[in-house]
$ cat structure-v2.cif   # mmCIF, C-alpha atoms
data_target
loop_
_atom_site.label_atom_id
_atom_site.label_comp_id
_atom_site.auth_asym_id
_atom_site.auth_seq_id
_atom_site.Cartn_x
_atom_site.Cartn_y
_atom_site.Cartn_z
CA MET A 209 369.84 -45.40 74.42
CA LYS A 210 367.37 -45.39 71.54
CA LYS A 211 367.68 -41.58 71.22
CA LEU A 212 371.48 -41.84 71.19
CA PHE A 213 371.35 -44.44 68.41
CA SER A 214 368.98 -42.24 66.38
CA LEU A 215 371.28 -39.24 66.80
CA ILE A 216 374.34 -41.23 65.72
CA PHE A 217 372.47 -42.59 62.69
CA CYS A 218 371.34 -39.11 61.63
CA LEU A 219 374.85 -37.73 61.97
CA PHE A 220 376.19 -40.62 59.88
CA VAL A 221 373.67 -40.01 57.09
CA LEU A 222 374.26 -36.26 57.08
CA SER A 223 378.04 -36.57 57.11
CA GLY A 224 377.83 -39.03 54.20
CA ALA A 225 375.65 -36.66 52.18
CA VAL A 226 377.97 -33.72 52.83
CA ALA A 227 381.04 -35.77 51.92
CA LEU A 228 379.36 -36.92 48.71
CA HIS A 229 378.43 -33.40 47.72
CA SER A 230 381.77 -31.77 48.55
CA GLN A 231 384.44 -31.20 45.91
CA GLU A 232 387.47 -30.67 48.11
CA GLY A 233 389.72 -32.97 46.10
CA LYS A 234 388.99 -31.01 42.92
CA ASP A 235 388.50 -34.21 40.94
CA TYR A 236 385.43 -33.79 38.77
CA THR A 237 383.63 -36.79 37.28
CA VAL A 238 382.55 -36.53 33.64
CA MET A 239 380.20 -39.37 32.77
CA PHE A 240 378.40 -40.75 29.72
CA TYR A 241 375.54 -43.26 29.69
CA ASN A 242 373.44 -44.68 26.88
CA VAL A 243 370.31 -45.30 28.94
CA GLU A 244 368.58 -47.52 26.34
CA ASN A 245 365.24 -46.19 25.16
CA LEU A 246 364.22 -43.88 27.98
CA PHE A 247 360.74 -43.08 26.67
CA ASP A 248 357.79 -41.65 28.56
CA ILE A 249 354.47 -43.49 28.28
CA TYR A 250 352.72 -40.95 26.03
CA ASP A 251 352.27 -41.23 22.28
CA ASP A 252 353.91 -38.34 20.45
CA PRO A 253 352.29 -38.14 16.99
CA THR A 254 355.38 -36.48 15.51
CA VAL A 255 357.71 -39.46 16.13
CA ALA A 256 357.55 -43.27 15.95
CA ASP A 257 357.28 -43.96 19.69
CA GLU A 258 354.09 -46.06 19.67
CA GLU A 259 355.80 -49.21 20.98
CA PHE A 260 356.64 -47.37 24.21
CA THR A 261 353.08 -46.70 25.28
CA PRO A 262 350.68 -48.67 27.51
CA ASP A 263 348.84 -49.88 24.40
CA GLY A 264 351.99 -50.67 22.44
CA PRO A 265 353.68 -54.07 21.99
CA LYS A 266 356.00 -53.41 24.94
CA ASP A 267 353.15 -52.64 27.32
CA TRP A 268 355.15 -49.63 28.54
CA THR A 269 353.31 -48.66 31.72
CA GLU A 270 353.82 -45.95 34.30
CA HIS A 271 355.21 -48.57 36.72
CA LYS A 272 357.83 -49.78 34.24
CA TYR A 273 358.75 -46.22 33.33
CA ARG A 274 359.22 -45.21 36.96
CA GLU A 275 361.31 -48.31 37.60
CA LYS A 276 363.51 -47.39 34.64
CA ILE A 277 363.96 -43.83 35.93
CA SER A 278 364.83 -45.18 39.39
CA HIS A 279 367.38 -47.57 37.90
CA ILE A 280 369.22 -44.86 35.96
CA GLY A 281 369.19 -42.63 39.03
CA GLN A 282 370.68 -45.47 41.07
CA VAL A 283 373.57 -45.86 38.61
CA ILE A 284 374.40 -42.15 38.73
CA PHE A 285 374.21 -42.16 42.52
CA ASP A 286 376.47 -45.22 42.79
CA ILE A 287 379.06 -43.57 40.53
CA ALA A 288 378.80 -40.53 42.80
CA LYS A 289 379.49 -42.71 45.84
CA ALA A 290 382.40 -44.43 44.09
CA ASN A 291 384.04 -41.04 43.46
CA ALA A 292 382.85 -39.27 46.64
CA SER A 293 381.02 -36.60 44.65
CA TYR A 294 378.10 -36.28 42.26
CA PRO A 295 379.29 -36.25 38.63
CA ALA A 296 379.88 -32.70 37.48
CA VAL A 297 378.74 -33.38 33.91
CA ILE A 298 376.69 -36.28 32.53
CA GLY A 299 376.06 -36.94 28.87
CA VAL A 300 373.15 -39.25 28.04
CA SER A 301 371.76 -40.75 24.86
CA GLU A 302 368.49 -42.48 23.89
CA VAL A 303 366.25 -40.08 25.81
CA GLU A 304 362.92 -39.16 24.26
CA ASN A 305 362.35 -35.62 25.51
CA ARG A 306 362.79 -33.04 28.22
CA ARG A 307 360.10 -34.67 30.38
CA VAL A 308 362.12 -37.85 30.99
CA LEU A 309 365.18 -35.77 31.88
CA ASP A 310 363.18 -33.72 34.37
CA ASP A 311 362.00 -36.95 35.98
CA LEU A 312 365.54 -38.32 36.08
CA VAL A 313 367.10 -35.34 37.86
CA SER A 314 364.16 -35.42 40.31
CA VAL A 315 365.13 -38.86 41.64
CA PRO A 316 365.49 -38.30 45.42
CA ASP A 317 369.11 -39.49 45.56
CA LEU A 318 370.08 -36.90 42.92
CA LEU A 319 368.27 -33.83 44.25
CA ARG A 320 371.26 -32.55 46.23
CA ALA A 321 373.24 -32.15 43.00
CA ASN A 322 370.66 -29.64 41.67
CA TYR A 323 371.26 -30.93 38.14
CA GLN A 324 370.40 -28.66 35.23
CA ILE A 325 369.56 -29.88 31.72
CA VAL A 326 370.59 -29.02 28.16
CA HIS A 327 368.41 -30.73 25.56
CA TYR A 328 367.20 -30.20 22.00
CA ASP A 329 364.77 -32.33 20.02
CA SER A 330 366.59 -33.98 17.13
CA PRO A 331 365.13 -35.09 13.78
CA GLU A 332 365.70 -38.81 14.48
CA ALA A 333 362.63 -40.81 13.38
CA ARG A 334 362.00 -42.52 16.74
CA GLY A 335 362.45 -39.27 18.62
CA ILE A 336 365.48 -40.27 20.70
CA ASP A 337 367.96 -37.53 21.53
CA VAL A 338 371.17 -36.79 23.38
CA ALA A 339 371.35 -34.42 26.33
CA LEU A 340 373.73 -32.98 28.91
CA ILE A 341 373.08 -32.79 32.65
CA TYR A 342 375.37 -30.63 34.76
CA ARG A 343 375.96 -29.31 38.24
CA PRO A 344 375.65 -25.50 38.11
CA ASP A 345 377.91 -25.11 41.16
CA ILE A 346 380.79 -26.56 39.09
CA PHE A 347 380.06 -26.05 35.41
CA LYS A 348 379.10 -22.48 34.52
CA TYR A 349 376.95 -22.75 31.43
CA GLU A 350 377.36 -20.11 28.69
CA TRP A 351 375.86 -21.46 25.48
CA SER A 352 374.81 -24.61 23.65
CA LYS A 353 374.10 -25.67 20.09
CA PRO A 354 372.69 -28.75 18.31
CA ILE A 355 374.89 -29.72 15.36
CA ARG A 356 373.32 -31.55 12.43
CA PRO A 357 375.66 -34.28 11.06
CA VAL A 358 376.44 -33.85 7.37
CA ILE A 359 376.62 -37.04 5.31
CA PRO A 360 377.84 -36.04 1.82
CA GLU A 361 376.71 -39.35 0.28
CA TRP A 362 373.20 -38.95 1.76
CA PRO A 363 372.30 -35.26 2.13
CA ASP A 364 368.79 -35.92 3.47
CA PHE A 365 369.85 -38.49 6.08
CA ARG A 366 368.37 -37.86 9.53
CA THR A 367 370.07 -38.98 12.70
CA ARG A 368 370.69 -37.69 16.20
CA ASP A 369 372.16 -34.22 16.50
CA ILE A 370 375.54 -33.69 18.14
CA LEU A 371 375.10 -31.49 21.21
CA ALA A 372 377.74 -28.84 21.96
CA VAL A 373 377.68 -27.21 25.42
CA PHE A 374 380.17 -24.44 26.28
CA GLY A 375 381.00 -23.02 29.69
CA THR A 376 383.68 -22.88 32.37
CA ILE A 377 384.93 -24.98 35.25
CA ASP A 378 387.13 -23.21 37.77
CA GLY A 379 387.41 -20.34 35.30
CA GLU A 380 388.74 -22.57 32.50
CA GLU A 381 386.85 -22.84 29.21
CA PHE A 382 385.26 -26.20 28.43
CA CYS A 383 383.15 -27.48 25.59
CA PHE A 384 381.37 -30.81 25.93
CA PHE A 385 380.11 -32.67 22.86
CA VAL A 386 377.50 -35.39 23.34
CA ASN A 387 377.13 -37.87 20.48
CA HIS A 388 375.08 -40.84 19.36
CA TRP A 389 376.36 -41.71 15.91
CA SER A 390 374.53 -43.73 13.27
CA SER A 391 374.03 -47.43 13.90
CA ARG A 392 375.65 -50.39 12.16
CA ARG A 393 372.40 -51.43 10.51
CA GLY A 394 373.26 -53.22 7.28
CA GLY A 395 376.71 -54.16 8.60
CA SER A 396 379.61 -52.21 10.08
CA HIS A 397 381.48 -51.87 6.79
CA ALA A 398 378.47 -50.89 4.68
CA SER A 399 377.39 -48.23 7.18
CA GLU A 400 380.86 -46.92 8.04
CA TYR A 401 380.46 -43.81 5.89
CA LEU A 402 377.58 -42.64 8.12
CA ARG A 403 379.71 -42.65 11.27
CA CYS A 404 382.66 -41.15 9.41
CA GLY A 405 380.31 -38.36 8.32
CA CYS A 406 379.32 -37.76 11.95
CA ALA A 407 383.00 -37.71 12.96
CA ALA A 408 383.91 -35.30 10.15
CA THR A 409 381.09 -32.94 11.13
CA LEU A 410 382.29 -32.96 14.73
CA LYS A 411 385.95 -32.45 13.74
CA HIS A 412 385.06 -29.45 11.61
CA PHE A 413 383.27 -27.88 14.57
CA THR A 414 386.05 -28.58 17.10
CA ASP A 415 388.66 -27.15 14.72
CA SER A 416 386.59 -23.98 14.29
CA LEU A 417 386.00 -23.69 18.02
CA SER A 418 389.70 -24.12 18.86
CA ALA A 419 390.63 -21.43 16.33
CA VAL A 420 388.49 -18.92 18.26
CA HIS A 421 389.20 -20.35 21.75
CA PRO A 422 392.75 -21.81 21.56
CA ASP A 423 392.80 -22.76 25.26
CA VAL A 424 389.39 -24.42 25.35
CA LYS A 425 389.31 -27.88 26.90
CA ILE A 426 387.24 -30.18 24.69
CA VAL A 427 385.55 -33.34 25.93
CA ILE A 428 383.86 -35.58 23.35
CA MET A 429 381.58 -38.30 24.69
CA GLY A 430 378.98 -40.62 23.33
CA ASP A 431 377.82 -43.89 21.88
CA MET A 432 379.74 -43.84 18.62
CA ASN A 433 378.51 -47.25 17.38
CA ASP A 434 382.17 -47.84 16.60
CA ASP A 435 384.99 -49.23 18.69
CA PRO A 436 387.78 -46.85 19.77
CA ASP A 437 390.20 -48.13 17.10
CA ASP A 438 387.75 -47.87 14.20
CA ARG A 439 388.44 -45.42 11.38
CA SER A 440 385.78 -42.87 12.34
CA LEU A 441 387.44 -42.29 15.71
CA THR A 442 391.11 -42.66 14.78
CA GLU A 443 391.56 -41.38 11.23
CA VAL A 444 388.66 -38.94 10.92
CA LEU A 445 388.40 -37.56 14.45
CA GLY A 446 392.08 -38.00 15.31
CA GLY A 447 391.82 -40.17 18.41
CA LYS A 448 395.15 -41.40 19.82
CA ALA A 449 395.89 -44.20 22.26
CA LYS A 450 398.55 -42.36 24.28
CA PRO A 451 398.67 -38.77 25.56
CA GLU A 452 402.17 -38.18 24.19
CA LEU A 453 400.98 -38.95 20.65
CA VAL A 454 398.36 -36.20 20.60
CA GLN A 455 399.08 -33.18 18.40
CA ASP A 456 397.13 -29.92 18.15
CA GLY A 457 393.63 -30.62 16.86
CA GLU A 458 393.79 -34.30 17.85
CA PHE A 459 392.35 -36.13 20.85
CA PHE A 460 393.39 -38.63 23.48
CA ASN A 461 391.04 -41.62 23.68
CA PRO A 462 391.79 -43.62 26.85
CA PHE A 463 389.36 -46.31 25.79
CA ILE A 464 391.59 -47.50 22.94
CA SER A 465 393.94 -49.24 25.35
CA MET A 466 390.99 -50.57 27.37
CA HIS A 467 389.43 -52.03 24.23
CA LYS A 468 392.70 -53.72 23.30
CA ALA A 469 392.80 -55.20 26.81
CA GLY A 470 389.39 -56.80 26.25
CA TYR A 471 387.10 -54.38 28.05
CA GLY A 472 383.69 -53.49 26.61
CA THR A 473 380.47 -51.62 27.31
CA LEU A 474 377.97 -53.73 25.37
CA GLY A 475 377.72 -57.29 24.13
CA TYR A 476 376.71 -58.35 20.65
CA GLN A 477 376.91 -61.74 18.92
CA ASP A 478 379.05 -63.35 21.64
CA ALA A 479 381.58 -60.52 21.70
CA TRP A 480 382.17 -57.28 23.60
CA ASN A 481 382.24 -53.91 21.90
CA LEU A 482 383.31 -50.60 23.36
CA PHE A 483 381.08 -48.11 21.57
CA ASP A 484 380.88 -45.69 24.51
CA ASN A 485 383.87 -43.37 24.37
CA ILE A 486 385.17 -40.21 26.02
CA LEU A 487 387.96 -38.32 24.29
CA VAL A 488 389.80 -35.18 25.43
CA SER A 489 391.77 -32.50 23.63
CA LYS A 490 395.47 -31.81 24.09
CA THR A 491 394.59 -28.89 26.37
CA LEU A 492 393.39 -31.42 28.97
CA LEU A 493 396.65 -33.37 28.89
CA GLU A 494 399.12 -30.68 29.87
CA ASP A 495 399.42 -28.73 33.07
CA GLY A 496 400.01 -25.15 32.04
CA GLY A 497 402.12 -24.59 35.14
CA ASP A 498 399.41 -22.80 37.09
CA GLY A 499 397.42 -25.77 38.36
CA GLN A 500 395.08 -26.13 35.39
CA LEU A 501 392.59 -28.94 35.11
CA ARG A 502 393.59 -32.09 33.24
CA ILE A 503 392.51 -35.70 32.88
CA ARG A 504 393.55 -37.91 35.79
CA LYS A 505 393.66 -41.60 36.61
CA ALA A 506 391.36 -42.87 39.37
CA GLY A 507 393.51 -43.63 42.40
CA LYS A 508 396.11 -46.23 41.42
CA GLY A 509 394.15 -47.21 38.33
CA LYS A 510 395.93 -48.34 35.18
CA TYR A 511 393.71 -46.46 32.74
CA TYR A 512 392.48 -42.90 32.34
CA GLY A 513 389.12 -44.27 31.21
CA ASN A 514 386.65 -45.99 33.52
CA ILE A 515 383.83 -48.44 32.79
CA PHE A 516 381.35 -48.66 35.65
CA ARG A 517 380.51 -52.34 36.06
CA ARG A 518 378.63 -53.75 39.04
CA PRO A 519 376.92 -57.17 39.42
CA TYR A 520 373.45 -55.61 39.34
CA LEU A 521 374.25 -54.12 35.91
CA ILE A 522 375.01 -57.55 34.43
CA GLN A 523 372.44 -60.09 33.25
CA GLN A 524 372.81 -63.21 35.40
CA LYS A 525 370.90 -65.71 33.25
CA GLY A 526 369.14 -66.26 29.94
CA LYS A 527 370.01 -65.22 26.41
CA PHE A 528 372.04 -62.17 27.46
CA LYS A 529 373.86 -63.76 30.42
CA ASN A 530 377.05 -61.88 31.39
CA TYR A 531 376.12 -58.91 29.21
CA PRO A 532 374.65 -55.61 30.44
CA PHE A 533 371.27 -56.11 32.12
CA ARG A 534 368.91 -54.56 29.59
CA THR A 535 365.34 -53.34 29.95
CA PHE A 536 363.82 -55.42 27.14
CA SER A 537 364.58 -58.48 25.06
CA GLY A 538 362.41 -57.80 22.04
CA ASN A 539 359.05 -57.03 23.63
CA THR A 540 359.77 -59.10 26.75
CA TYR A 541 360.31 -56.91 29.80
CA LEU A 542 363.43 -57.91 31.73
CA GLY A 543 363.39 -55.01 34.17
CA GLY A 544 367.08 -54.19 33.77
CA TYR A 545 369.02 -50.96 33.47
CA SER A 546 370.49 -50.56 29.97
CA ASP A 547 372.13 -52.60 27.24
CA HIS A 548 375.21 -50.39 27.71
CA LEU A 549 377.50 -49.86 30.68
CA PRO A 550 378.28 -46.25 31.69
CA VAL A 551 381.74 -44.75 31.29
CA TYR A 552 383.49 -41.84 32.94
CA ILE A 553 386.74 -39.94 33.32
CA LEU A 554 388.13 -37.76 36.08
CA ILE A 555 389.53 -34.29 35.61
CA GLY A 556 391.37 -32.47 38.36
CA LYS A 557 394.16 -30.15 39.38
#
$ encode --input "structure-v2.cif" --output "structure tokens"
Amino acid sequence: MKKLFSLIFCLFVLSGAVALHSQEGKDYTVMFYNVENLFDIYDDPTVADEEFTPDGPKDWTEHKYREKISHIGQVIFDIAKANASYPAVIGVSEVENRRVLDDLVSVPDLLRANYQIVHYDSPEARGIDVALIYRPDIFKYEWSKPIRPVIPEWPDFRTRDILAVFGTIDGEEFCFFVNHWSSRRGGSHASEYLRCGCAATLKHFTDSLSAVHPDVKIVIMGDMNDDPDDRSLTEVLGGKAKPELVQDGEFFNPFISMHKAGYGTLGYQDAWNLFDNILVSKTLLEDGGDGQLRIRKAGKGKYYGNIFRRPYLIQQKGKFKNYPFRTFSGNTYLGGYSDHLPVYILIGK
């Protein structure tokens, strides 16, 4: 009887793993997550990372680091379970270097996805970067490029690069752009020009890319430090709230309608913001008649955008109650996941 139970349990685990890894439904998950200060424990003399070391004010130890890596891996795995497949493409921000990404994709629950990494060190003072993680069985990588944001009013300004990654999915050309635009330090209005500069840099690149690859499917994701209806995303980048409003060179932003409905991905000063956005080009809105990939709603969902929110991702008490369960409050270790919630979209036939 004990052997029979063991056999049934093994078959259950294996069948679950196979089902999770399969892609029979041809719905691919594209995810973005600001993982909040994913630093290793080592002092890099070229950047200001001293607070995230064992001797720094945050007492950033190997144990805390490994717990953080495990937490982020858990979130990705739970999104995989929710959609019956590992995400095909994952954009991340606030990662220090390639080492932390290698550790992340080595989390046991993620090994079956065989994730590959695209990462460049950016000139940001604290050393935090953006990166792209992808499944090579789905996304066929061709090239990548870090794009330096141009701020006309401040030519020497240093911020995170925008990461462009080009390749194909099911033979269709895709280019993913991972962003982490300048913060609202000094106030949202006073710093608006910085994010508008990031948006203008990105728009120039997407226009140039589309001129050479008119059928390319563009996916823009990131922590924009602006809400979906702010000027950087609507006027400069050309984000629209409805698919039917999108013209050539513009983008559909499904998170505009979610923001208007009161959804958010981070809390600040007793209010929710939705800084984490995913936008898609017009080429991902229309079926070309031959079963091309396009953005899809999840099941009977109301929105094309998705915010992954689970009780364990929400602070249950204290100063940040009901907001995302963060890793630190100042230098006090809370042991949470991130001060942002992850977002994702589905693309399929």
$ residues_around --input "structure-v2.cif" --residues "A:Thr540" --least-positions-apart "5" --cutoff "12 Å" --atoms "all atoms listed in the file" --output "ChimeraX atom specification"
/A:265-268,527,534-535
$ closest_atom_pairs --input "structure-v2.cif" --of "stretch 425-541 of chain A" --to "stretch 361-368 of chain A" --cutoff "12 Å" --atoms "only C-alpha atoms" --output "Markdown table"
| residue | atom | partner | partner_atom | distance |
| --- | --- | --- | --- | --- |
| A:Gly430 | CA | A:Arg368 | CA | 11.3 |
| A:Asp431 | CA | A:Arg368 | CA | 11.0 |
| A:Met432 | CA | A:Arg368 | CA | 11.2 |
$ write_last_selection --input "structure-v2.cif" --atoms "C-alpha atoms" --output "compact mmCIF listing (two decimals), in the coordinates of the input"
# COMPACT_ATOMS: atom_id res chain seq x y z
CA GLY A 430 378.98 -40.62 23.33
CA ASP A 431 377.82 -43.89 21.88
CA MET A 432 379.74 -43.84 18.62
$ atom_distance --input "structure-v2.cif" --atom1 "atom CA of A:Cys406" --atom2 "atom CA of A:Val238"
22.0 Å
$ closest_residue --input "structure-v2.cif" --among "A:Ser418, A:Thr237, A:Ser399, A:Asn433" --to "A:Ala290" --atoms "all atoms listed in the file"
A:Thr237
$ resolve_selection --input "structure-v2.cif" --expression "the PyMOL selection byres ((chain A and resi 550) around 12)" --output "PyMOL selection string"
chain A and resi 238-244+280+283-284+286-287+298-301+429-431+472-474+482-486+513-518+521+532+545-549+551-553
$ write_last_selection --input "structure-v2.cif" --atoms "C-alpha atoms" --output "JSON list (two decimals), in the coordinates of the input"
[["chain", "number", "residue", "atom", "x", "y", "z"],
["A", 238, "VAL", "CA", 382.55, -36.53, 33.64],
["A", 239, "MET", "CA", 380.20, -39.37, 32.77],
["A", 240, "PHE", "CA", 378.40, -40.75, 29.72],
["A", 241, "TYR", "CA", 375.54, -43.26, 29.69],
["A", 242, "ASN", "CA", 373.44, -44.68, 26.88],
["A", 243, "VAL", "CA", 370.31, -45.30, 28.94],
["A", 244, "GLU", "CA", 368.58, -47.52, 26.34],
["A", 280, "ILE", "CA", 369.22, -44.86, 35.96],
["A", 283, "VAL", "CA", 373.57, -45.86, 38.61],
["A", 284, "ILE", "CA", 374.40, -42.15, 38.73],
["A", 286, "ASP", "CA", 376.47, -45.22, 42.79],
["A", 287, "ILE", "CA", 379.06, -43.57, 40.53],
["A", 298, "ILE", "CA", 376.69, -36.28, 32.53],
["A", 299, "GLY", "CA", 376.06, -36.94, 28.87],
["A", 300, "VAL", "CA", 373.15, -39.25, 28.04],
["A", 301, "SER", "CA", 371.76, -40.75, 24.86],
["A", 429, "MET", "CA", 381.58, -38.30, 24.69],
["A", 430, "GLY", "CA", 378.98, -40.62, 23.33],
["A", 431, "ASP", "CA", 377.82, -43.89, 21.88],
["A", 472, "GLY", "CA", 383.69, -53.49, 26.61],
["A", 473, "THR", "CA", 380.47, -51.62, 27.31],
["A", 474, "LEU", "CA", 377.97, -53.73, 25.37],
["A", 482, "LEU", "CA", 383.31, -50.60, 23.36],
["A", 483, "PHE", "CA", 381.08, -48.11, 21.57],
["A", 484, "ASP", "CA", 380.88, -45.69, 24.51],
["A", 485, "ASN", "CA", 383.87, -43.37, 24.37],
["A", 486, "ILE", "CA", 385.17, -40.21, 26.02],
["A", 513, "GLY", "CA", 389.12, -44.27, 31.21],
["A", 514, "ASN", "CA", 386.65, -45.99, 33.52],
["A", 515, "ILE", "CA", 383.83, -48.44, 32.79],
["A", 516, "PHE", "CA", 381.35, -48.66, 35.65],
["A", 517, "ARG", "CA", 380.51, -52.34, 36.06],
["A", 518, "ARG", "CA", 378.63, -53.75, 39.04],
["A", 521, "LEU", "CA", 374.25, -54.12, 35.91],
["A", 532, "PRO", "CA", 374.65, -55.61, 30.44],
["A", 545, "TYR", "CA", 369.02, -50.96, 33.47],
["A", 546, "SER", "CA", 370.49, -50.56, 29.97],
["A", 547, "ASP", "CA", 372.13, -52.60, 27.24],
["A", 548, "HIS", "CA", 375.21, -50.39, 27.71],
["A", 549, "LEU", "CA", 377.50, -49.86, 30.68],
["A", 551, "VAL", "CA", 381.74, -44.75, 31.29],
["A", 552, "TYR", "CA", 383.49, -41.84, 32.94],
["A", 553, "ILE", "CA", 386.74, -39.94, 33.32]]
$ residues_near_point --input "structure-v2.cif" --point "(365.4, -55.1, 34.4)" --cutoff "10 Å" --atoms "only C-alpha atoms" --output "list of chain:residue names"
A:Lys272, A:Glu275, A:Lys276, A:His279, A:Tyr520, A:Leu521, A:Ile522, A:Gln523, A:Phe533, A:Arg534, A:Thr535, A:Phe536, A:Ser537, A:Tyr541, A:Leu542, A:Gly543, A:Gly544, A:Tyr545, A:Ser546
$ residues_around --input "structure-v2.cif" --residues "stretch 374-379 of chain A" --least-positions-apart "6" --cutoff "7 Å" --atoms "only C-alpha atoms" --output "list in words"
Ile346, Phe347, Lys348, Tyr349, Glu350, Trp351 and Ser352 of chain A
$ atom_distance --input "structure-v2.cif" --atom1 "atom CA of A:Ile428" --atom2 "atom CA of A:Gly394"
26.1 Å
$ atom_distance --input "structure-v2.cif" --atom1 "atom CA of A:Ala339" --atom2 "atom CA of A:Asn481"
22.8 Å
$ closest_residue --input "structure-v2.cif" --among "A:Phe463, A:Asn530, A:Asp434, A:Lys411" --to "A:Ser391" --atoms "only C-alpha atoms"
A:Asp434
$ closest_residue --input "structure-v2.cif" --among "A:Pro451, A:Arg334, A:Gly526, A:Tyr250" --to "A:Gly264" --atoms "only C-alpha atoms"
A:Tyr250
$ residues_around --input "structure-v2.cif" --residues "A:Asp329" --least-positions-apart "2" --cutoff "10 Å" --atoms "all atoms listed in the file" --output "list in words"
Val303, Glu304, Asn305, Arg306, His327, Pro331, Glu332, Gly335, Ile336, Asp337, Val338, Ala339, Pro354, Arg368 and Asp369 of chain A
$ write_last_selection --input "structure-v2.cif" --atoms "C-alpha atoms" --output "PDB file, in the frame of the given file"
ATOM      1  CA  VAL A 303     366.250 -40.080  25.810  1.00  0.00           C
ATOM      2  CA  GLU A 304     362.920 -39.160  24.260  1.00  0.00           C
ATOM      3  CA  ASN A 305     362.350 -35.620  25.510  1.00  0.00           C
ATOM      4  CA  ARG A 306     362.790 -33.040  28.220  1.00  0.00           C
ATOM      5  CA  HIS A 327     368.410 -30.730  25.560  1.00  0.00           C
ATOM      6  CA  PRO A 331     365.130 -35.090  13.780  1.00  0.00           C
ATOM      7  CA  GLU A 332     365.700 -38.810  14.480  1.00  0.00           C
ATOM      8  CA  GLY A 335     362.450 -39.270  18.620  1.00  0.00           C
ATOM      9  CA  ILE A 336     365.480 -40.270  20.700  1.00  0.00           C
ATOM     10  CA  ASP A 337     367.960 -37.530  21.530  1.00  0.00           C
ATOM     11  CA  VAL A 338     371.170 -36.790  23.380  1.00  0.00           C
ATOM     12  CA  ALA A 339     371.350 -34.420  26.330  1.00  0.00           C
ATOM     13  CA  PRO A 354     372.690 -28.750  18.310  1.00  0.00           C
ATOM     14  CA  ARG A 368     370.690 -37.690  16.200  1.00  0.00           C
ATOM     15  CA  ASP A 369     372.160 -34.220  16.500  1.00  0.00           C
TER      16      ASP A 369
END
$ resolve_selection --input "structure-v2.cif" --expression "the PyMOL selection byres ((chain A and resi 401) around 10)" --output "list of chain:residue names"
A:Ile359, A:Pro360, A:Glu361, A:Trp362, A:Ser390, A:Ser396, A:His397, A:Ala398, A:Ser399, A:Glu400, A:Leu402, A:Arg403, A:Cys404, A:Gly405, A:Cys406, A:Ala407, A:Arg439, A:Ser440
$ resolve_selection --input "structure-v2.cif" --expression "the PyMOL selection byres ((chain A and resi 460) around 9)" --output "list in words"
Gly446, Gly447, Lys448, Ala449, Lys450, Pro451, Glu452, Leu453, Val454, Glu458, Phe459, Asn461, Pro462, Phe463, Ile486, Leu487, Val488, Ser489, Lys490 and Leu493 of chain A
$ closest_residue --input "structure-v2.cif" --among "A:Ser293, A:Thr409, A:Gln477, A:Thr491" --to "A:Leu445" --atoms "all atoms listed in the file"
A:Thr409
$ decode --input "structure-v2.cif" --residues "stretch 450-472 of chain A" --atoms "C-alpha atoms" --output "compact mmCIF listing (two decimals), in the first residue's frame"
# COMPACT_ATOMS: atom_id res chain seq x y z
CA LYS A 450 -8.08 51.05 -26.00
CA PRO A 451 -6.76 48.85 -28.82
CA GLU A 452 -8.97 50.52 -31.42
CA LEU A 453 -7.38 53.91 -30.69
CA VAL A 454 -3.85 52.78 -31.53
CA GLN A 455 -2.34 54.12 -34.75
CA ASP A 456 0.95 53.14 -36.41
CA GLY A 457 3.84 54.02 -34.13
CA GLU A 458 1.62 54.14 -31.02
CA PHE A 459 1.06 51.60 -28.27
CA PHE A 460 -1.77 49.96 -26.37
CA ASN A 461 -1.36 50.25 -22.60
CA PRO A 462 -3.85 47.93 -20.87
CA PHE A 463 -2.88 49.31 -17.49
CA ILE A 464 -4.50 52.70 -18.17
CA SER A 465 -7.97 51.26 -17.65
CA MET A 466 -6.77 49.27 -14.63
CA HIS A 467 -5.33 52.42 -13.06
CA LYS A 468 -8.59 54.28 -13.60
CA ALA A 469 -10.38 51.38 -11.89
CA GLY A 470 -8.21 51.84 -8.79
CA TYR A 471 -5.63 49.10 -9.26
CA GLY A 472 -1.99 49.68 -8.35
